Structures are given as C-alpha cells and as structure tokens.
$ cat data19.cif   # mmCIF, N, CA and C atoms
data_protein
loop_
_atom_site.label_atom_id
_atom_site.label_comp_id
_atom_site.auth_asym_id
_atom_site.auth_seq_id
_atom_site.Cartn_x
_atom_site.Cartn_y
_atom_site.Cartn_z
N MET L 1 8.01 -0.05 1.96
CA MET L 1 7.41 0.86 2.90
C MET L 1 7.70 2.31 2.50
N THR L 2 8.91 2.58 2.09
CA THR L 2 9.25 3.94 1.67
C THR L 2 8.47 4.35 0.44
N LEU L 3 8.26 3.42 -0.45
CA LEU L 3 7.51 3.72 -1.67
C LEU L 3 6.07 4.06 -1.35
N ILE L 4 5.44 3.28 -0.48
CA ILE L 4 4.02 3.50 -0.18
C ILE L 4 3.83 4.73 0.69
N VAL L 5 4.52 4.77 1.82
CA VAL L 5 4.31 5.85 2.78
C VAL L 5 5.02 7.12 2.33
N GLY L 6 6.23 7.00 1.87
CA GLY L 6 7.01 8.18 1.55
C GLY L 6 6.65 8.84 0.25
N MET L 7 6.33 8.07 -0.77
CA MET L 7 6.12 8.66 -2.08
C MET L 7 4.65 8.74 -2.47
N LEU L 8 3.95 7.61 -2.41
CA LEU L 8 2.57 7.62 -2.87
C LEU L 8 1.67 8.48 -1.98
N ARG L 9 1.80 8.32 -0.67
CA ARG L 9 0.99 9.13 0.23
C ARG L 9 1.34 10.60 0.16
N SER L 10 2.62 10.91 0.08
CA SER L 10 3.01 12.32 0.02
C SER L 10 2.61 12.96 -1.29
N GLY L 11 2.39 12.16 -2.32
CA GLY L 11 1.91 12.69 -3.58
C GLY L 11 0.40 12.81 -3.64
N GLY L 12 -0.29 12.42 -2.57
CA GLY L 12 -1.73 12.58 -2.51
C GLY L 12 -2.51 11.34 -2.93
N ASP L 13 -1.85 10.23 -3.16
CA ASP L 13 -2.51 9.01 -3.61
C ASP L 13 -2.78 8.11 -2.40
N THR L 14 -3.62 8.59 -1.50
CA THR L 14 -3.85 7.86 -0.25
C THR L 14 -4.74 6.65 -0.43
N ARG L 15 -5.65 6.68 -1.38
CA ARG L 15 -6.54 5.52 -1.59
C ARG L 15 -5.77 4.32 -2.09
N TYR L 16 -4.86 4.53 -3.01
CA TYR L 16 -4.07 3.41 -3.52
C TYR L 16 -3.11 2.91 -2.44
N SER L 17 -2.61 3.82 -1.62
CA SER L 17 -1.76 3.42 -0.50
C SER L 17 -2.53 2.57 0.49
N LEU L 18 -3.79 2.94 0.75
CA LEU L 18 -4.64 2.14 1.62
C LEU L 18 -4.86 0.76 1.03
N PHE L 19 -5.09 0.70 -0.28
CA PHE L 19 -5.25 -0.59 -0.95
C PHE L 19 -4.00 -1.44 -0.78
N LEU L 20 -2.84 -0.85 -1.02
CA LEU L 20 -1.59 -1.61 -0.91
C LEU L 20 -1.32 -2.05 0.52
N ASP L 21 -1.53 -1.16 1.48
CA ASP L 21 -1.21 -1.49 2.87
C ASP L 21 -2.26 -2.39 3.53
N GLY L 22 -3.51 -2.05 3.37
CA GLY L 22 -4.56 -2.76 4.11
C GLY L 22 -5.18 -3.93 3.40
N VAL L 23 -5.51 -3.75 2.15
CA VAL L 23 -6.26 -4.78 1.44
C VAL L 23 -5.37 -5.95 1.03
N ILE L 24 -4.17 -5.69 0.59
CA ILE L 24 -3.27 -6.76 0.17
C ILE L 24 -2.96 -7.71 1.34
N ILE L 25 -2.89 -7.17 2.55
CA ILE L 25 -2.65 -8.02 3.71
C ILE L 25 -3.76 -9.05 3.86
N TRP L 26 -5.00 -8.60 3.71
CA TRP L 26 -6.14 -9.51 3.90
C TRP L 26 -6.40 -10.38 2.70
N ILE L 27 -6.02 -9.93 1.51
CA ILE L 27 -6.23 -10.74 0.31
C ILE L 27 -5.13 -11.78 0.15
N LEU L 28 -3.91 -11.44 0.49
CA LEU L 28 -2.78 -12.33 0.23
C LEU L 28 -2.08 -12.82 1.50
N GLY L 29 -1.75 -11.92 2.42
CA GLY L 29 -0.94 -12.28 3.58
C GLY L 29 -1.62 -13.24 4.54
N VAL L 30 -2.83 -12.91 4.97
CA VAL L 30 -3.55 -13.76 5.93
C VAL L 30 -3.91 -15.12 5.32
N PRO L 31 -4.45 -15.18 4.09
CA PRO L 31 -4.72 -16.50 3.52
C PRO L 31 -3.46 -17.36 3.34
N MET L 32 -2.33 -16.74 3.02
CA MET L 32 -1.10 -17.52 2.89
C MET L 32 -0.65 -18.05 4.25
N ALA L 33 -0.85 -17.28 5.31
CA ALA L 33 -0.49 -17.75 6.65
C ALA L 33 -1.37 -18.93 7.06
N VAL L 34 -2.65 -18.84 6.78
CA VAL L 34 -3.57 -19.94 7.10
C VAL L 34 -3.23 -21.17 6.28
N LEU L 35 -2.98 -20.97 5.00
CA LEU L 35 -2.64 -22.08 4.12
C LEU L 35 -1.36 -22.78 4.58
N GLY L 36 -0.33 -22.02 4.85
CA GLY L 36 0.94 -22.61 5.24
C GLY L 36 0.94 -23.21 6.63
N GLY L 37 0.28 -22.54 7.58
CA GLY L 37 0.32 -22.98 8.97
C GLY L 37 -0.68 -24.06 9.31
N PHE L 38 -1.93 -23.85 8.93
CA PHE L 38 -3.00 -24.76 9.35
C PHE L 38 -3.32 -25.86 8.34
N ILE L 39 -3.18 -25.56 7.08
CA ILE L 39 -3.55 -26.56 6.06
C ILE L 39 -2.36 -27.42 5.65
N LEU L 40 -1.25 -26.78 5.32
CA LEU L 40 -0.07 -27.53 4.88
C LEU L 40 0.84 -27.96 6.04
N HIS L 41 0.64 -27.41 7.25
CA HIS L 41 1.44 -27.73 8.44
C HIS L 41 2.94 -27.57 8.19
N LEU L 42 3.29 -26.45 7.59
CA LEU L 42 4.70 -26.16 7.30
C LEU L 42 5.40 -25.60 8.54
N PRO L 43 6.72 -25.70 8.58
CA PRO L 43 7.46 -25.06 9.67
C PRO L 43 7.30 -23.54 9.62
N VAL L 44 7.55 -22.90 10.74
CA VAL L 44 7.28 -21.48 10.87
C VAL L 44 8.08 -20.63 9.87
N TYR L 45 9.30 -21.02 9.53
CA TYR L 45 10.07 -20.22 8.59
C TYR L 45 9.48 -20.27 7.18
N TRP L 46 8.84 -21.37 6.79
CA TRP L 46 8.17 -21.43 5.49
C TRP L 46 6.88 -20.62 5.50
N VAL L 47 6.18 -20.65 6.61
CA VAL L 47 4.96 -19.83 6.73
C VAL L 47 5.33 -18.35 6.66
N TYR L 48 6.41 -17.98 7.33
CA TYR L 48 6.88 -16.59 7.28
C TYR L 48 7.23 -16.19 5.84
N LEU L 49 7.88 -17.07 5.12
CA LEU L 49 8.21 -16.79 3.73
C LEU L 49 6.96 -16.62 2.89
N MET L 50 5.95 -17.45 3.13
CA MET L 50 4.69 -17.33 2.40
C MET L 50 3.99 -16.01 2.71
N VAL L 51 4.02 -15.62 3.97
CA VAL L 51 3.38 -14.35 4.35
C VAL L 51 4.12 -13.17 3.74
N MET L 52 5.43 -13.25 3.65
CA MET L 52 6.21 -12.16 3.08
C MET L 52 6.01 -12.02 1.57
N SER L 53 5.32 -12.95 0.95
CA SER L 53 5.00 -12.79 -0.46
C SER L 53 4.10 -11.57 -0.68
N GLU L 54 3.40 -11.15 0.36
CA GLU L 54 2.59 -9.93 0.26
C GLU L 54 3.48 -8.71 0.06
N GLU L 55 4.66 -8.70 0.69
CA GLU L 55 5.57 -7.58 0.53
C GLU L 55 6.08 -7.47 -0.91
N LEU L 56 6.35 -8.59 -1.52
CA LEU L 56 6.77 -8.61 -2.91
C LEU L 56 5.65 -8.09 -3.82
N THR L 57 4.43 -8.50 -3.53
CA THR L 57 3.28 -8.04 -4.30
C THR L 57 3.09 -6.53 -4.15
N LYS L 58 3.19 -6.04 -2.91
CA LYS L 58 3.06 -4.59 -2.68
C LYS L 58 4.17 -3.83 -3.39
N PHE L 59 5.37 -4.39 -3.41
CA PHE L 59 6.49 -3.74 -4.08
C PHE L 59 6.25 -3.65 -5.58
N ILE L 60 5.81 -4.73 -6.19
CA ILE L 60 5.57 -4.73 -7.64
C ILE L 60 4.43 -3.79 -8.01
N LEU L 61 3.31 -3.85 -7.27
CA LEU L 61 2.19 -2.95 -7.57
C LEU L 61 2.55 -1.50 -7.29
N GLY L 62 3.33 -1.27 -6.24
CA GLY L 62 3.77 0.10 -5.93
C GLY L 62 4.68 0.67 -6.99
N LEU L 63 5.59 -0.15 -7.50
CA LEU L 63 6.47 0.33 -8.58
C LEU L 63 5.68 0.63 -9.85
N ARG L 64 4.72 -0.20 -10.15
CA ARG L 64 3.89 0.07 -11.34
C ARG L 64 3.17 1.41 -11.20
N ARG L 65 2.62 1.67 -10.00
CA ARG L 65 1.93 2.93 -9.76
C ARG L 65 2.90 4.10 -9.80
N TYR L 66 4.10 3.91 -9.27
CA TYR L 66 5.10 4.97 -9.26
C TYR L 66 5.49 5.36 -10.68
N PHE L 67 5.79 4.38 -11.51
CA PHE L 67 6.23 4.69 -12.87
C PHE L 67 5.08 5.16 -13.77
N SER L 68 3.84 4.89 -13.39
CA SER L 68 2.71 5.39 -14.18
C SER L 68 2.48 6.89 -13.95
N ARG L 69 3.02 7.41 -12.86
CA ARG L 69 2.92 8.82 -12.48
C ARG L 69 1.49 9.26 -12.18
N LYS L 70 0.60 8.31 -11.92
CA LYS L 70 -0.77 8.65 -11.55
C LYS L 70 -0.88 9.11 -10.10
N TRP L 71 0.15 8.89 -9.33
CA TRP L 71 0.13 9.24 -7.91
C TRP L 71 0.43 10.70 -7.65
N ILE L 72 0.89 11.42 -8.68
CA ILE L 72 1.26 12.82 -8.50
C ILE L 72 0.00 13.69 -8.58
N ASN L 73 -0.31 14.35 -7.49
CA ASN L 73 -1.46 15.25 -7.41
C ASN L 73 -0.99 16.61 -6.92
N ASN L 74 -1.68 17.64 -7.37
CA ASN L 74 -1.37 18.99 -6.92
C ASN L 74 -2.04 19.21 -5.57
N LEU L 75 -1.25 19.17 -4.51
CA LEU L 75 -1.79 19.32 -3.17
C LEU L 75 -1.86 20.77 -2.71
N SER L 76 -1.33 21.69 -3.48
CA SER L 76 -1.35 23.09 -3.09
C SER L 76 -2.41 23.88 -3.85
N GLU L 77 -3.26 23.21 -4.57
CA GLU L 77 -4.30 23.87 -5.35
C GLU L 77 -5.33 24.51 -4.42
N THR L 78 -5.73 25.74 -4.71
CA THR L 78 -6.71 26.44 -3.89
C THR L 78 -8.10 25.94 -4.24
N VAL L 79 -8.84 25.53 -3.21
CA VAL L 79 -10.18 25.00 -3.42
C VAL L 79 -11.19 26.12 -3.51
N GLY L 80 -11.11 27.07 -2.64
CA GLY L 80 -12.03 28.18 -2.63
C GLY L 80 -11.34 29.45 -2.17
N VAL L 81 -12.01 30.58 -2.33
CA VAL L 81 -11.45 31.84 -1.91
C VAL L 81 -11.70 31.99 -0.42
N PRO L 82 -10.67 32.21 0.38
CA PRO L 82 -10.90 32.37 1.82
C PRO L 82 -11.66 33.67 2.13
N VAL L 83 -12.55 33.58 3.06
CA VAL L 83 -13.35 34.75 3.47
C VAL L 83 -12.59 35.42 4.60
N PRO L 84 -12.31 36.72 4.48
CA PRO L 84 -11.60 37.40 5.55
C PRO L 84 -12.45 37.46 6.83
N ALA L 85 -11.79 37.39 7.96
CA ALA L 85 -12.48 37.44 9.24
C ALA L 85 -13.04 38.85 9.46
N GLN L 86 -14.24 38.91 9.96
CA GLN L 86 -14.86 40.21 10.22
C GLN L 86 -14.40 40.72 11.58
N GLU L 87 -14.25 42.02 11.66
CA GLU L 87 -13.82 42.63 12.91
C GLU L 87 -14.98 42.68 13.88
N ILE L 88 -14.69 42.39 15.13
CA ILE L 88 -15.74 42.40 16.14
C ILE L 88 -15.72 43.70 16.90
#

$ encode --input "data19.cif" --output "structure tokens"
Amino acid sequence: MTLIVGMLRSGGDTRYSLFLDGVIIWILGVPMAVLGGFILHLPVYWVYLMVMSEELTKFILGLRRYFSRKWINNLSETVGVPVPAQEI
C-alpha cells in the first residue's frame, strides 16, 4: 500500500497505480475468491489466502515499476504562462 499510494502516486504515476489497485483486484482477487469458495469449496482461511495472492502480485509489479524509475515525473513543470488578472 505504501509503495502504490505513497510512492507511485506521489511521483505522478497515477495510471499505473490505478492498474495495480483496481484492475488486479478484478483480474486476480475476485476470480481466486470464486474459485476457492464456490468451485473448490475450501475453508474460509484458504479462500482468504488465495485472495491475498493479489497483494503479492501488486507488490511484485509495484517493485518492478519502482526500480524501473518510470514512475518519476516532474510535477512542478509549468504548462503555460499565467495571464495576469486585469484590474476592474
């Protein structure tokens, strides 16, 4: 959580953070819960362990992104010249 919210988002890499937080849950977490709970009829602690595999995946992908340094963006860059307010 600290890696995604604290580092990647603060560095301006919000799209990848959205992918890690939102998409991985639906690609990995929810299907693993359905597989473990409804298909394999496992006890709740095994289903919980299967669902937590998403956290491991997010951690590994987040570390790869962190060490690639692609998440670092210049957030203080001036986009345009501000127009001074006219006196009324």

$ residues_around --input "data19.cif" --residues "L:Val47" --least-positions-apart "5" --cutoff "6.5 Å" --atoms "all atoms listed in the file" --output "MDAnalysis selection string"
chainID L and resid 32:33 36:37 42 52

$ closest_residue --input "data19.cif" --among "L:Ile39, L:Val51, L:Ile4, L:Ile72" --to "L:Leu20" --atoms "all atoms listed in the file"
L:Ile4

$ atom_distance --input "data19.cif" --atom1 "atom CA of L:Asn74" --atom2 "atom C of L:Leu56"
28.1 Å

$ atom_distance --input "data19.cif" --atom1 "atom CA of L:Trp26" --atom2 "atom CA of L:Met50"
13.4 Å

$ atom_distance --input "data19.cif" --atom1 "atom C of L:Leu49" --atom2 "atom N of L:Gly62"
18.2 Å

$ resolve_selection --input "data19.cif" --expression "the PyMOL selection byres ((chain L and resi 9-16) around 7)" --output "ChimeraX atom specification"
/L:3-8,17-21,70-75

$ select_by_dssp --input "data19.cif" --residues "stretch 11-58 of chain L" --states "helix (DSSP H, G or I)" --output "count of residues only"
40

$ closest_residue --input "data19.cif" --among "L:Val30, L:Met1, L:Leu35, L:Ile25" --to "L:Leu63" --atoms "only C-alpha atoms"
L:Met1

$ closest_residue --input "data19.cif" --among "L:His41, L:Phe67, L:Thr2, L:Ile24" --to "L:Glu54" --atoms "all atoms listed in the file"
L:Ile24
